[in-house]
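Okay, so here's the structure we're looking at.
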Amino acid sequence: MNRTLTDADLAVFADSIAADMAALDVAEPVRPTRRLPPLTDVPVMGGVQAQGDVLILPIDRAMPHWAQPLPHDRAIPIVTTGNGHALRALTRGTGRVDWAPIHDDGHVIAVVHIAGDAVLLLEQPGGGHTPLAVGAGCYEIRRQREAAPWAPAEHRDPWQDPSGRTLGAAGALFVAAASVVVVD
Amino acid sequence: MIVHTFRPYTRSPWLVSLGRGLGLHSTQRLIRIRPVEVPIVRDFRADVAQYGIGAVLEVCELIGEPEVDEGHPAKLNRALWRPPADNYGPDLILDCFNGTPDEQTGLYERVLLRVPDTCRTPREAASWTYGVDADAYHLVRRT
């Protein structure tokens with residue numbers, strides 16, 4: 001009988017597997033690979049920080065008119081390829097994180113403004129890189145790019161007709177007739 | 001690399017075609033064998049996957065001295081390499097390390113990035129990849 005597993009079923013299955021693995025008595029304990037490190041280890045900084053191919057650059061600029069507060073109960077994905085990158089706002093009291101996506105720049109993908117006691121967390125949902133914590137200020141979030149792959153110039157034959165055309169039969173007849181007329 | 005190819009000369013300037021038709025030009029050149037310079041274009045990513053980073057960088061020329069990536073948690077070095085232009089083109093290769101060690105091996109993954117040949121130092125190359133001026137690129141933390 002076919003049965004479709006729901007997310008709840010998968011969660012129960014994952015919990016049971018984790019419990020089984022925890023009960024194993026092995027020399028080297030098996031750790032879940034997608035576990036994020038505890039956030040208490042993440043220092044809150046205000047300078048230039050990089051998480052893999054994403055850079056956080058402090059800037060002095062006004063927020064775009066389409067800026068809006070970042071929700072504090074969920075992470076907002078800003079890069080969805082690979083392991084991805086996501087923004088999460090940690091707010092307290094009057095703290096607030098505003099953000100605006102940018103689409104017309106080759107490097108800048110978002111602008112954020114962090115005010116008060118708020119902290120912006122840049123995390124990787126797929127795991128891989130340690131989270132970054134960003135303090136108050138205005139920042140550009142930039143994506144890393146590479147130079148375009150090199151393609152050598154096409155080899156040109158000096159004897160080749162650059163127009164790509166050849167003298168057709170009609171053209172040959174016309175030139176021959178014209179030369180006869182000139183000779184006459 | 002010189003490769004001797006069999007090249008049929010089927011397309012010529014129209015005056016030459018006319019001359020051949022009228023018997024003024026020789027038809028000897030229509031088919032001939034001559035050496036042709038064929039550059040072998042290589043993709044360094046494919047070469048890294050096949051031969052490893054060390055084999056690829058062995059044929060490259062180190063530009064300047066490696067410098068410390070100041071934002072890296074282990075303060076590892078980064079370097080700039082010039083690959084052979086005939087095979088890899090004029091672009092340079094930035095040689096740097098991932099900021100978070102691999103969970104399985106505990107090692108920092110070595111990363112090669114293609115940067116333009118206008119970059120003069122590894123720091124300039126690293127800042128170019130993010131579109132940032134080198135003077136503003138002072139990393140305090142990399143993960």
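Letters for chains follow the order of the structure tokens (A, B, ...), residue numbers begin at 1 for each chain, and ligand numbers begin at 1 in the order shown.
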
Counting only C-alpha atoms, chain B residues within 9 Å of chain A, as a short mmCIF file (atom, residue, chain, number, x, y, z; two decimals) with C-alpha atoms, in the first residue's frame:
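And here is the file that came out, result.cif:
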```
data_model
loop_
_atom_site.label_atom_id
_atom_site.label_comp_id
_atom_site.auth_asym_id
_atom_site.auth_seq_id
_atom_site.Cartn_x
_atom_site.Cartn_y
_atom_site.Cartn_z
CA TYR B 9 40.14 25.98 -49.20
CA THR B 10 36.66 26.21 -50.57
CA ARG B 11 36.01 29.90 -49.88
CA SER B 12 38.16 32.57 -51.47
CA PRO B 13 37.86 36.24 -52.35
CA TRP B 14 35.58 36.59 -55.34
CA LEU B 15 38.34 38.02 -57.53
CA SER B 17 37.40 32.73 -57.72
CA LEU B 18 36.97 34.68 -60.93
CA GLY B 21 37.46 30.45 -63.47
CA GLU B 37 48.01 27.23 -34.41
CA VAL B 38 45.33 25.61 -32.27
CA PRO B 39 45.25 26.89 -28.67
CA VAL B 41 41.48 26.10 -23.99
CA ASP B 43 38.92 25.33 -17.68
CA GLY B 71 39.27 38.28 8.83
CA ASP B 86 47.48 30.32 -23.80
CA TYR B 88 43.51 29.55 -19.25
CA GLY B 89 43.22 33.08 -20.64
CA PRO B 90 44.36 36.38 -19.16
CA ASP B 91 42.40 36.12 -15.89
CA ASN B 98 36.78 28.88 3.37
CA GLY B 99 36.04 30.58 6.70
CA THR B 100 34.41 27.58 8.38
CA PRO B 101 36.20 24.23 8.73
CA ASP B 102 34.62 21.17 7.22
CA GLU B 103 32.54 19.21 9.73
CA GLN B 104 33.98 15.87 8.68
CA LEU B 113 38.29 32.11 -7.76
CA ARG B 114 38.71 33.67 -11.21
CA VAL B 115 39.51 37.40 -11.04
CA PRO B 116 40.51 39.90 -13.75
CA TRP B 128 36.89 42.76 -6.42
CA THR B 129 34.86 39.57 -6.02
CA TYR B 130 32.45 41.44 -3.75
CA GLY B 131 32.50 44.62 -5.87
CA VAL B 132 34.07 46.60 -3.02
CA ALA B 136 37.02 49.65 2.26
CA TYR B 137 37.65 45.92 2.45
CA HIS B 138 38.80 45.35 6.03
CA LEU B 139 37.25 42.07 7.17
CA VAL B 140 36.70 41.74 10.89
CA ARG B 141 35.20 38.27 10.66
CA ARG B 142 34.82 35.52 8.07
CA THR B 143 32.88 32.32 8.54
#
```

**Prompt:** In terms of the shortest atom-to-atom distance over only C-alpha atoms, which of A:Val134, A:Ile102, A:Ile109, A:Ala67 is closest to Val79 (chain A)?
**Reply:** A:Ile109

**Which residue of B:Phe97, B:Leu92, B:Arg120, B:Leu107 approaches Glu65 (chain B) most closely, using only C-alpha atoms** = B:Arg120

**Message:** I'd like to know which residues of region 34-113 of chain B are helix (DSSP H, G or I) (by DSSP, run on the backbone); could you write them as a VMD selection string?
**Reply:** chain B and resid 44 to 51 53 to 58 85 to 88

Output of the above residues as an mmCIF file, in the first residue's frame, restricted to C-alpha atoms:
```cif
data_model
loop_
_atom_site.group_PDB
_atom_site.id
_atom_site.type_symbol
_atom_site.label_atom_id
_atom_site.label_comp_id
_atom_site.auth_asym_id
_atom_site.auth_seq_id
_atom_site.Cartn_x
_atom_site.Cartn_y
_atom_site.Cartn_z
ATOM 1 C CA PHE B 44 40.823 25.450 -14.430
ATOM 2 C CA ARG B 45 37.802 24.232 -12.470
ATOM 3 C CA ALA B 46 37.649 21.079 -14.559
ATOM 4 C CA ASP B 47 41.396 20.657 -14.183
ATOM 5 C CA VAL B 48 41.163 21.121 -10.412
ATOM 6 C CA ALA B 49 38.452 18.468 -10.271
ATOM 7 C CA GLN B 50 40.529 16.059 -12.352
ATOM 8 C CA TYR B 51 44.116 16.726 -11.303
ATOM 9 C CA ILE B 53 44.641 22.137 -6.927
ATOM 10 C CA GLY B 54 48.367 21.457 -6.577
ATOM 11 C CA ALA B 55 48.741 20.241 -10.157
ATOM 12 C CA VAL B 56 46.924 23.267 -11.543
ATOM 13 C CA LEU B 57 48.823 25.827 -9.477
ATOM 14 C CA GLU B 58 52.111 24.134 -10.332
ATOM 15 C CA ALA B 85 47.491 32.634 -20.761
ATOM 16 C CA ASP B 86 47.479 30.325 -23.800
ATOM 17 C CA ASN B 87 45.430 27.737 -21.954
ATOM 18 C CA TYR B 88 43.506 29.552 -19.254
#
```

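Closest approach to Ala75 (chain A) among A:Ala133, A:Ala115, A:Leu121, A:Leu173 is made by A:Leu121 (distances from only C-alpha atoms).
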